[in-house]
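**Q** The file below is work.cif, mmCIF, C-alpha atoms:
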data_my_file
#
loop_
_atom_site.group_PDB
_atom_site.id
_atom_site.type_symbol
_atom_site.label_atom_id
_atom_site.label_comp_id
_atom_site.auth_asym_id
_atom_site.auth_seq_id
_atom_site.Cartn_x
_atom_site.Cartn_y
_atom_site.Cartn_z
ATOM 1 C CA MET A 194 16.756 38.723 17.686
ATOM 2 C CA ASN A 195 17.241 34.968 17.417
ATOM 3 C CA LYS A 196 14.685 34.378 20.133
ATOM 4 C CA TRP A 197 12.202 36.618 18.323
ATOM 5 C CA PHE A 198 12.847 34.736 15.083
ATOM 6 C CA ARG A 199 12.378 31.339 16.775
ATOM 7 C CA ASN A 200 9.131 32.531 18.351
ATOM 8 C CA SER A 201 7.942 33.859 15.043
ATOM 9 C CA LEU A 202 8.657 30.539 13.303
ATOM 10 C CA ASN A 203 6.539 28.748 15.842
ATOM 11 C CA SER A 204 3.643 31.196 15.683
ATOM 12 C CA THR A 205 0.547 30.284 13.672
ATOM 13 C CA ARG A 206 0.270 33.812 12.331
ATOM 14 C CA PHE A 207 3.805 33.663 10.879
ATOM 15 C CA ARG A 208 3.145 30.291 9.244
ATOM 16 C CA LEU A 209 -0.105 31.601 7.757
ATOM 17 C CA LEU A 210 1.726 34.658 6.418
ATOM 18 C CA MET A 211 4.409 32.458 4.793
ATOM 19 C CA LEU A 212 1.689 30.277 3.242
ATOM 20 C CA VAL A 213 -0.035 33.324 1.727
ATOM 21 C CA ILE A 214 3.310 34.672 0.394
ATOM 22 C CA GLY A 215 4.073 31.224 -1.049
ATOM 23 C CA ILE A 216 0.723 31.077 -2.840
ATOM 24 C CA VAL A 217 1.105 34.632 -4.181
ATOM 25 C CA VAL A 218 4.556 33.764 -5.580
ATOM 26 C CA LEU A 219 3.590 30.350 -6.945
ATOM 27 C CA ILE A 220 0.463 31.464 -8.859
ATOM 28 C CA PRO A 221 2.344 33.665 -11.410
ATOM 29 C CA VAL A 222 5.002 30.955 -11.787
ATOM 30 C CA GLY A 223 2.267 28.401 -12.478
ATOM 31 C CA VAL A 224 0.637 30.707 -15.051
ATOM 32 C CA VAL A 225 3.978 31.231 -16.867
ATOM 33 C CA VAL A 226 4.703 27.479 -16.949
ATOM 34 C CA ALA A 227 1.171 26.685 -18.203
ATOM 35 C CA ASN A 228 1.485 29.289 -20.976
ATOM 36 C CA SER A 229 4.874 27.890 -22.038
ATOM 37 C CA VAL A 230 3.437 24.382 -22.332
ATOM 38 C CA LYS A 231 0.411 25.705 -24.283
ATOM 39 C CA ASN A 232 2.624 27.670 -26.702
ATOM 40 C CA ALA A 233 4.918 24.697 -27.246
ATOM 41 C CA LYS A 234 1.913 22.558 -28.176
ATOM 42 C CA SER A 235 0.356 25.091 -30.562
ATOM 43 C CA SER A 236 3.639 25.810 -32.405
ATOM 44 C CA GLY A 237 4.029 22.133 -33.226
ATOM 45 C CA SER A 238 0.743 21.804 -35.047
ATOM 46 C CA LEU A 239 2.075 19.043 -37.287
ATOM 47 C CA SER A 240 2.027 15.463 -36.100
ATOM 48 C CA VAL A 241 5.809 15.586 -35.611
ATOM 49 C CA ASN A 242 7.544 18.383 -33.704
ATOM 50 C CA GLN A 243 9.354 20.869 -35.914
ATOM 51 C CA ASP A 244 12.470 22.922 -35.368
ATOM 52 C CA ILE A 245 12.409 26.671 -35.902
ATOM 53 C CA THR A 246 15.313 28.610 -37.377
ATOM 54 C CA LYS A 247 14.585 32.203 -38.314
ATOM 55 C CA ALA A 248 16.585 33.809 -41.091
ATOM 56 C CA GLU A 249 18.707 36.738 -39.960
ATOM 57 C CA LEU A 250 18.877 39.506 -42.543
ATOM 58 C CA VAL A 251 18.115 43.182 -42.966
ATOM 59 C CA SER A 252 15.572 43.480 -45.746
ATOM 60 C CA GLN A 253 15.504 46.658 -47.840
ATOM 61 C CA GLU A 254 11.789 46.191 -48.454
ATOM 62 C CA ASP A 255 9.059 43.600 -48.500
ATOM 63 C CA PHE A 256 7.609 43.168 -51.990
ATOM 64 C CA SER A 257 4.243 41.569 -52.734
ATOM 65 C CA LEU A 258 4.341 39.035 -55.551
ATOM 66 C CA GLY A 259 1.579 38.515 -58.090
ATOM 67 C CA ILE A 260 -0.931 35.800 -57.191
ATOM 68 C CA GLU A 261 -2.614 33.646 -59.828
ATOM 69 C CA GLN A 262 -5.587 31.629 -58.647
ATOM 70 C CA ASP A 263 -8.965 30.595 -59.984
ATOM 71 C CA GLU A 264 -12.145 31.722 -58.247
ATOM 72 C CA ASP A 265 -12.755 28.202 -56.945
ATOM 73 C CA ALA A 266 -9.268 27.770 -55.420
ATOM 74 C CA PRO A 267 -9.717 25.540 -52.339
ATOM 75 C CA LEU A 268 -6.505 26.785 -50.724
ATOM 76 C CA LYS A 269 -6.771 30.521 -51.173
ATOM 77 C CA ILE A 270 -3.494 32.423 -51.355
ATOM 78 C CA LEU A 271 -4.006 35.377 -49.011
ATOM 79 C CA ASP A 272 -0.575 36.971 -49.339
ATOM 80 C CA ALA A 273 2.781 36.306 -50.980
ATOM 81 C CA ARG A 274 5.783 38.496 -50.254
ATOM 82 C CA VAL A 275 9.528 38.416 -50.639
ATOM 83 C CA LYS A 276 12.350 40.189 -48.860
ATOM 84 C CA THR A 277 14.871 42.143 -50.901
ATOM 85 C CA ILE A 278 18.559 42.761 -50.286
ATOM 86 C CA SER A 279 21.348 44.320 -52.338
ATOM 87 C CA GLY A 280 23.770 42.244 -54.398
ATOM 88 C CA ASP A 281 26.512 43.192 -51.928
ATOM 89 C CA GLN A 282 24.453 41.973 -48.969
ATOM 90 C CA TYR A 283 23.790 38.725 -50.846
ATOM 91 C CA GLN A 284 27.510 38.221 -51.386
ATOM 92 C CA THR A 285 28.244 38.910 -47.713
ATOM 93 C CA LEU A 286 25.563 36.483 -46.559
ATOM 94 C CA THR A 287 26.140 33.608 -48.961
ATOM 95 C CA SER A 288 29.792 34.114 -49.977
ATOM 96 C CA GLU A 289 28.618 33.808 -53.591
ATOM 97 C CA ALA A 290 29.044 36.510 -56.201
ATOM 98 C CA THR A 291 26.066 37.884 -58.135
ATOM 99 C CA LEU A 292 25.634 40.336 -60.972
ATOM 100 C CA LEU A 293 22.198 41.330 -59.696
ATOM 101 C CA GLN A 294 21.808 44.761 -58.069
ATOM 102 C CA GLU A 295 18.932 43.455 -55.994
ATOM 103 C CA VAL A 296 18.265 39.908 -54.846
ATOM 104 C CA VAL A 297 14.874 38.662 -53.627
ATOM 105 C CA SER A 298 14.189 35.847 -51.206
ATOM 106 C CA VAL A 299 11.927 32.890 -51.769
ATOM 107 C CA PRO A 300 8.450 33.978 -50.702
ATOM 108 C CA GLU A 301 6.466 33.784 -47.517
ATOM 109 C CA VAL A 302 3.012 32.680 -48.615
ATOM 110 C CA ALA A 303 -0.100 32.685 -46.436
ATOM 111 C CA PHE A 304 -3.024 30.417 -47.355
ATOM 112 C CA GLN A 305 -6.440 29.502 -46.041
ATOM 113 C CA ASN A 306 -8.338 26.301 -46.694
ATOM 114 C CA VAL A 307 -11.681 27.642 -47.916
ATOM 115 C CA SER A 308 -12.910 24.222 -49.069
ATOM 116 C CA ASP A 309 -14.868 21.660 -47.068
ATOM 117 C CA LYS A 310 -12.146 19.017 -47.421
ATOM 118 C CA VAL A 311 -8.921 18.258 -45.556
ATOM 119 C CA ILE A 312 -5.768 19.135 -47.501
ATOM 120 C CA VAL A 313 -2.790 16.800 -47.056
ATOM 121 C CA GLY A 314 -0.309 18.068 -49.676
ATOM 122 C CA VAL A 315 0.629 21.523 -50.965
ATOM 123 C CA THR A 316 2.678 22.343 -54.067
ATOM 124 C CA LEU A 317 3.708 25.981 -54.284
ATOM 125 C CA ILE A 318 4.753 27.075 -57.773
ATOM 126 C CA ILE A 319 6.948 30.153 -58.174
ATOM 127 C CA ASN A 320 6.741 31.104 -61.832
ATOM 128 C CA ASP A 321 9.220 33.573 -63.360
ATOM 129 C CA LYS A 322 7.384 34.682 -66.501
ATOM 130 C CA GLU A 323 10.413 36.467 -67.914
ATOM 131 C CA ALA A 324 12.889 33.594 -67.520
ATOM 132 C CA LYS A 325 10.161 30.969 -68.159
ATOM 133 C CA THR A 326 11.192 28.923 -65.160
ATOM 134 C CA ASN A 327 9.211 27.238 -62.408
ATOM 135 C CA ARG A 328 10.567 26.667 -58.946
ATOM 136 C CA GLY A 329 8.320 24.603 -56.729
ATOM 137 C CA LEU A 330 8.050 23.426 -53.158
ATOM 138 C CA TYR A 331 6.112 20.271 -52.287
ATOM 139 C CA ILE A 332 5.061 19.733 -48.674
ATOM 140 C CA ARG A 333 3.606 16.332 -47.843
ATOM 141 C CA GLU A 334 1.851 14.749 -44.855
ATOM 142 C CA GLN A 335 -0.031 17.854 -43.769
ATOM 143 C CA SER A 336 -3.516 18.014 -42.309
ATOM 144 C CA ILE A 337 -5.060 21.367 -43.119
ATOM 145 C CA ALA A 338 -8.667 21.285 -41.994
ATOM 146 C CA PRO A 339 -11.426 23.419 -43.572
ATOM 147 C CA GLY A 340 -11.017 26.996 -42.367
ATOM 148 C CA ASP A 341 -7.404 26.499 -41.237
ATOM 149 C CA LYS A 342 -4.736 29.005 -42.209
ATOM 150 C CA PHE A 343 -1.357 27.746 -43.375
ATOM 151 C CA THR A 344 1.895 29.563 -44.055
ATOM 152 C CA ILE A 345 4.943 28.557 -46.076
ATOM 153 C CA TYR A 346 7.993 30.444 -44.813
ATOM 154 C CA PRO A 347 11.184 31.200 -46.780
ATOM 155 C CA GLU A 348 12.956 29.058 -44.185
ATOM 156 C CA ASN A 349 11.041 26.033 -45.505
ATOM 157 C CA PHE A 350 13.093 26.149 -48.711
ATOM 158 C CA VAL A 351 16.356 25.273 -46.961
ATOM 159 C CA ARG A 352 17.547 22.816 -44.367
ATOM 160 C CA VAL A 353 17.447 23.794 -40.699
ATOM 161 C CA GLU A 354 20.688 25.648 -40.025
ATOM 162 C CA ASP A 355 22.036 28.551 -37.988
ATOM 163 C CA ASN A 356 21.009 31.270 -40.457
ATOM 164 C CA PRO A 357 18.935 30.072 -43.442
ATOM 165 C CA ALA A 358 19.641 33.359 -45.266
ATOM 166 C CA LYS A 359 23.258 32.234 -45.753
ATOM 167 C CA ASN A 360 22.052 29.421 -48.014
ATOM 168 C CA PRO A 361 21.869 30.474 -51.719
ATOM 169 C CA LYS A 362 18.678 28.389 -52.017
ATOM 170 C CA PHE A 363 16.998 30.909 -49.697
ATOM 171 C CA TRP A 364 17.155 33.357 -52.627
ATOM 172 C CA LEU A 365 15.528 33.518 -56.051
ATOM 173 C CA SER A 366 17.555 34.035 -59.174
ATOM 174 C CA VAL A 367 15.273 36.581 -60.836
ATOM 175 C CA LYS A 368 16.049 39.768 -62.726
ATOM 176 C CA ASP A 369 12.618 41.375 -62.389
ATOM 177 C CA LYS A 370 10.571 40.567 -59.292
ATOM 178 C CA SER A 371 7.448 42.062 -60.860
ATOM 179 C CA GLN A 372 7.498 39.153 -63.338
ATOM 180 C CA VAL A 373 7.280 36.541 -60.593
ATOM 181 C CA VAL A 374 3.908 35.032 -59.674
ATOM 182 C CA VAL A 375 2.842 32.263 -57.324
ATOM 183 C CA ARG A 376 0.253 29.534 -57.817
ATOM 184 C CA VAL A 377 -0.727 26.485 -55.797
ATOM 185 C CA VAL A 378 -1.705 22.865 -56.463
ATOM 186 C CA VAL A 379 -3.497 20.971 -53.713
ATOM 187 C CA ASN A 380 -3.776 17.303 -52.722
ATOM 188 C CA PHE A 381 -6.882 16.384 -50.740
ATOM 189 C CA LYS A 382 -7.134 13.628 -48.167
ATOM 190 C CA ASP A 383 -9.521 11.728 -50.490
ATOM 191 C CA GLY A 384 -6.706 11.397 -53.065
ATOM 192 C CA SER A 385 -7.975 14.024 -55.517
ATOM 193 C CA LEU A 386 -5.870 16.914 -56.800
ATOM 194 C CA TRP A 387 -6.822 20.520 -57.587
ATOM 195 C CA ALA A 388 -4.951 22.903 -59.890
ATOM 196 C CA ASN A 389 -5.805 26.189 -61.595
ATOM 197 C CA LYS A 390 -7.588 25.900 -64.933
ATOM 198 C CA ASN A 391 -7.191 29.497 -66.031
ATOM 199 C CA TYR A 392 -3.544 30.140 -65.193
ATOM 200 C CA GLY A 393 -0.239 28.606 -66.168
ATOM 201 C CA VAL A 394 0.398 26.579 -69.339
ATOM 202 C CA GLN A 395 -2.797 24.767 -70.425
ATOM 203 C CA MET B 207 29.729 8.491 -36.688
ATOM 204 C CA LYS B 208 26.373 7.181 -37.954
ATOM 205 C CA THR B 209 25.027 10.731 -38.121
ATOM 206 C CA LYS B 210 28.080 11.891 -40.087
ATOM 207 C CA ILE B 211 27.593 9.093 -42.634
ATOM 208 C CA LEU B 212 23.892 9.972 -42.975
ATOM 209 C CA VAL B 213 24.702 13.660 -43.434
ATOM 210 C CA ALA B 214 27.359 12.790 -46.045
ATOM 211 C CA PHE B 215 24.845 10.646 -47.969
ATOM 212 C CA PHE B 216 22.235 13.386 -47.653
ATOM 213 C CA VAL B 217 24.568 16.058 -49.006
ATOM 214 C CA MET B 218 25.612 13.761 -51.858
ATOM 215 C CA PHE B 219 22.039 12.968 -52.901
ATOM 216 C CA SER B 220 20.924 16.579 -52.420
ATOM 217 C CA ALA B 221 23.706 17.720 -54.704
ATOM 218 C CA PHE B 222 22.913 15.188 -57.414
ATOM 219 C CA GLY B 223 19.139 15.489 -57.095
ATOM 220 C CA PHE B 224 16.564 13.382 -58.864
ATOM 221 C CA THR B 225 14.716 13.881 -62.133
ATOM 222 C CA THR B 226 11.246 12.931 -63.360
ATOM 223 C CA ASN B 227 9.446 13.377 -66.647
ATOM 224 C CA VAL B 228 5.621 13.452 -66.584
ATOM 225 C CA PHE B 229 3.504 14.552 -69.594
ATOM 226 C CA GLY B 230 6.638 16.105 -71.102
ATOM 227 C CA CYS B 231 7.360 18.027 -67.905
ATOM 228 C CA SER B 232 10.932 17.375 -66.842
ATOM 229 C CA ILE B 233 11.827 18.246 -63.291
ATOM 230 C CA SER B 234 14.875 17.902 -61.091
ATOM 231 C CA CYS B 235 14.300 17.823 -57.370
ATOM 232 C CA ALA B 236 15.885 17.273 -53.994
ATOM 233 C CA ALA B 237 14.397 16.467 -50.604
ATOM 234 C CA ILE B 238 15.027 19.219 -48.068
ATOM 235 C CA CYS B 239 13.738 17.486 -44.933
ATOM 236 C CA ARG B 240 11.297 14.761 -43.993
ATOM 237 C CA PHE B 241 8.214 16.635 -45.269
ATOM 238 C CA THR B 242 9.550 19.105 -47.805
ATOM 239 C CA CYS B 243 11.059 18.784 -51.270
ATOM 240 C CA GLU B 244 12.015 21.336 -53.876
ATOM 241 C CA GLY B 245 12.094 21.060 -57.655
ATOM 242 C CA SER B 246 12.647 23.233 -60.688
ATOM 243 C CA ALA B 247 11.709 23.058 -64.345
ATOM 244 C CA LYS B 248 13.123 25.101 -67.182
ATOM 245 C CA PRO B 249 11.519 26.076 -69.464
ATOM 246 C CA ALA B 250 8.210 26.134 -67.581
ATOM 247 C CA ASN B 251 6.238 24.744 -70.501
ATOM 248 C CA CYS B 252 4.022 22.287 -68.669
ATOM 249 C CA SER B 253 0.663 22.740 -66.985
ATOM 250 C CA ASP B 254 0.413 23.168 -63.224
ATOM 251 C CA THR B 255 -1.141 19.693 -62.940
ATOM 252 C CA ALA B 256 1.728 18.141 -64.906
ATOM 253 C CA TYR B 257 4.279 20.177 -62.979
ATOM 254 C CA ALA B 258 2.828 19.206 -59.586
ATOM 255 C CA THR B 259 2.481 15.545 -60.581
ATOM 256 C CA ALA B 260 6.047 15.447 -61.886
ATOM 257 C CA LEU B 261 7.353 17.232 -58.797
ATOM 258 C CA GLN B 262 5.487 14.932 -56.435
ATOM 259 C CA ASN B 263 6.690 11.803 -58.291
ATOM 260 C CA CYS B 264 10.221 13.141 -58.277
ATOM 261 C CA CYS B 265 9.962 13.998 -54.583
ATOM 262 C CA GLU B 266 8.618 10.583 -53.614
ATOM 263 C CA GLY B 267 11.735 9.147 -55.269
ATOM 264 C CA ALA B 268 13.894 11.641 -53.422
ATOM 265 C CA PHE B 269 12.236 10.893 -50.069
ATOM 266 C CA ALA B 270 12.584 7.141 -50.628
ATOM 267 C CA ASN B 271 16.180 7.223 -51.850
ATOM 268 C CA THR B 272 17.812 9.908 -49.746
ATOM 269 C CA PRO B 273 19.367 8.086 -46.794
ATOM 270 C CA GLY B 274 18.451 9.555 -43.429
ATOM 271 C CA ILE B 275 15.932 12.071 -44.827
ATOM 272 C CA ASN B 276 13.279 10.987 -42.333
ATOM 273 C CA ASP B 277 15.618 12.059 -39.538
ATOM 274 C CA VAL B 278 16.129 15.551 -40.999
ATOM 275 C CA PRO B 279 13.860 18.028 -39.189
ATOM 276 C CA CYS B 280 11.951 20.702 -41.092
ATOM 277 C CA THR B 281 11.579 24.360 -40.276
ATOM 278 C CA GLN B 282 8.235 24.904 -38.642
ATOM 279 C CA THR B 283 5.224 25.203 -40.884
ATOM 280 C CA GLY B 284 1.718 23.935 -40.709
ATOM 281 C CA PRO B 285 -1.873 24.837 -39.970
ATOM 282 C CA GLU B 286 -2.660 27.798 -37.766
ATOM 283 C CA ASN B 287 -6.100 27.914 -36.241
#
Show me, as structure tokens, the structure contained in the file I just sent.
**A**
Amino acid sequence: MNKWFRNSLNSTRFRLLMLVIGIVVLIPVGVVVANSVKNAKSSGSLSVNQDITKAELVSQEDFSLGIEQDEDAPLKILDARVKTISGDQYQTLTSEATLLQEVVSVPEVAFQNVSDKVIVGVTLIINDKEAKTNRGLYIREQSIAPGDKFTIYPENFVRVEDNPAKNPKFWLSVKDKSQVVVRVVVNFKDGSLWANKNYGVQ
Amino acid sequence: MKTKILVAFFVMFSAFGFTTNVFGCSISCAAICRFTCEGSAKPANCSDTAYATALQNCCEGAFANTPGINDVPCTQTGPEN
């Protein structure tokens, strides 16, 4: 057996076979590594790498919020939705008591730059018409090119941590989610600012 | 040790927050991470332009005066092609 093995090792045919097997094994490995590198690059589309922490919660339902935007909005809001949980779930997650039967998260909002200018700053306004309160998120140092899509996640409202849903700031303090609308204000690279003219307080 | 001091400062400033008043729009805000800042106004009786300007002014103060904020990473966001 050993003699056969030694002879095989020395044979050209055996070496060729091992080379072919090696190539067949290495090609898929190379493809997987290349894909990993590509994905890592595309997920960090900002100039500085970002961490990702996904909120862990069981949502009762996703609810679409009202969107207020003028026809000429340069950063079009495509979708705005919140997750809902019960008051008991909220208390379990955050260790804070609430009188609300249902608690809604801060929204996930999807945008698209439909203008011909680069957008560098985004202010998302969450307006509770019933409570007459505004909660806003300002994101600076962006570079959203014409045609680019851009998403603000609920996780952006809190610091990076093990489960963002445990942070009370991940949640909105609203009694009636149907009274909540979102609007956006945009800063362009040229220094100008765009805001709705037909919505909000004039 | 340095990180703990920075985190302690960050928590302290986040808790206290900052305030700005622009065109009668009063806002309190706090920096969340190096790119992101949150603010609220009640009642919401100012225009979106005034609100955004006040929030951005407030946030620039928060970014400049929150020790270690530039070292605090943000949750991923950004353009998607």
**Q** Given the file shown, determine the residues that the PyMOL selection byres ((chain A) within 9 of (chain B)) selects; report them as a short mmCIF file (atom, residue, chain, number, x, y, z; two decimals) with C-alpha atoms, in the frame of the given file.
**A**
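Ended up saving to result-v9.cif:
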data_model
loop_
_atom_site.label_atom_id
_atom_site.label_comp_id
_atom_site.auth_asym_id
_atom_site.auth_seq_id
_atom_site.Cartn_x
_atom_site.Cartn_y
_atom_site.Cartn_z
CA SER A 235 0.36 25.09 -30.56
CA SER A 236 3.64 25.81 -32.40
CA GLY A 237 4.03 22.13 -33.23
CA SER A 238 0.74 21.80 -35.05
CA LEU A 239 2.08 19.04 -37.29
CA ASN A 242 7.54 18.38 -33.70
CA GLN A 243 9.35 20.87 -35.91
CA ASP A 244 12.47 22.92 -35.37
CA ILE A 245 12.41 26.67 -35.90
CA THR A 246 15.31 28.61 -37.38
CA LYS A 247 14.58 32.20 -38.31
CA GLN A 305 -6.44 29.50 -46.04
CA THR A 316 2.68 22.34 -54.07
CA LEU A 317 3.71 25.98 -54.28
CA ILE A 318 4.75 27.08 -57.77
CA ASN A 320 6.74 31.10 -61.83
CA ASP A 321 9.22 33.57 -63.36
CA LYS A 322 7.38 34.68 -66.50
CA ALA A 324 12.89 33.59 -67.52
CA LYS A 325 10.16 30.97 -68.16
CA THR A 326 11.19 28.92 -65.16
CA ASN A 327 9.21 27.24 -62.41
CA ARG A 328 10.57 26.67 -58.95
CA GLY A 329 8.32 24.60 -56.73
CA LEU A 330 8.05 23.43 -53.16
CA TYR A 331 6.11 20.27 -52.29
CA ILE A 332 5.06 19.73 -48.67
CA ARG A 333 3.61 16.33 -47.84
CA GLU A 334 1.85 14.75 -44.86
CA GLN A 335 -0.03 17.85 -43.77
CA SER A 336 -3.52 18.01 -42.31
CA ILE A 337 -5.06 21.37 -43.12
CA ALA A 338 -8.67 21.28 -41.99
CA GLY A 340 -11.02 27.00 -42.37
CA ASP A 341 -7.40 26.50 -41.24
CA LYS A 342 -4.74 29.00 -42.21
CA PHE A 343 -1.36 27.75 -43.38
CA THR A 344 1.90 29.56 -44.06
CA ILE A 345 4.94 28.56 -46.08
CA TYR A 346 7.99 30.44 -44.81
CA GLU A 348 12.96 29.06 -44.18
CA ASN A 349 11.04 26.03 -45.50
CA PHE A 350 13.09 26.15 -48.71
CA VAL A 351 16.36 25.27 -46.96
CA ARG A 352 17.55 22.82 -44.37
CA VAL A 353 17.45 23.79 -40.70
CA ARG A 376 0.25 29.53 -57.82
CA VAL A 377 -0.73 26.48 -55.80
CA VAL A 378 -1.70 22.86 -56.46
CA VAL A 379 -3.50 20.97 -53.71
CA LEU A 386 -5.87 16.91 -56.80
CA TRP A 387 -6.82 20.52 -57.59
CA ALA A 388 -4.95 22.90 -59.89
CA ASN A 389 -5.80 26.19 -61.60
CA LYS A 390 -7.59 25.90 -64.93
CA TYR A 392 -3.54 30.14 -65.19
CA GLY A 393 -0.24 28.61 -66.17
CA VAL A 394 0.40 26.58 -69.34
CA GLN A 395 -2.80 24.77 -70.42
#
**Q** Name all residues at most 7 Å from Leu268 in chain A (count all atoms listed in the file; drop same-chain ones fewer than 6 positions away) and give them as a PyMOL selection string.
**A** chain A and resi 304-307
**Q** Please evaluate the PyMOL selection byres ((chain A and resi 251) around 10) against the displayed coordinates and give the resulting residues as an MDAnalysis selection string.
**A** chainID A and resid 248:250 252:254 276:279 282
**Q** How would the residues just chosen look if you wrote them out with C-alpha atoms as a CSV table (one decimal), in the coordinates of the input?
**A**
chain,number,residue,atom,x,y,z
A,248,ALA,CA,16.6,33.8,-41.1
A,249,GLU,CA,18.7,36.7,-40.0
A,250,LEU,CA,18.9,39.5,-42.5
A,252,SER,CA,15.6,43.5,-45.7
A,253,GLN,CA,15.5,46.7,-47.8
A,254,GLU,CA,11.8,46.2,-48.5
A,276,LYS,CA,12.4,40.2,-48.9
A,277,THR,CA,14.9,42.1,-50.9
A,278,ILE,CA,18.6,42.8,-50.3
A,279,SER,CA,21.3,44.3,-52.3
A,282,GLN,CA,24.5,42.0,-49.0
**Q** Work out how far CA of Gly280 in chain A is from CA of Trp364 in chain A, in Å to one decimal.
**A**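 Pair CA of Trp364 in chain A / CA of Gly280 in chain A returns 11.2 Å.
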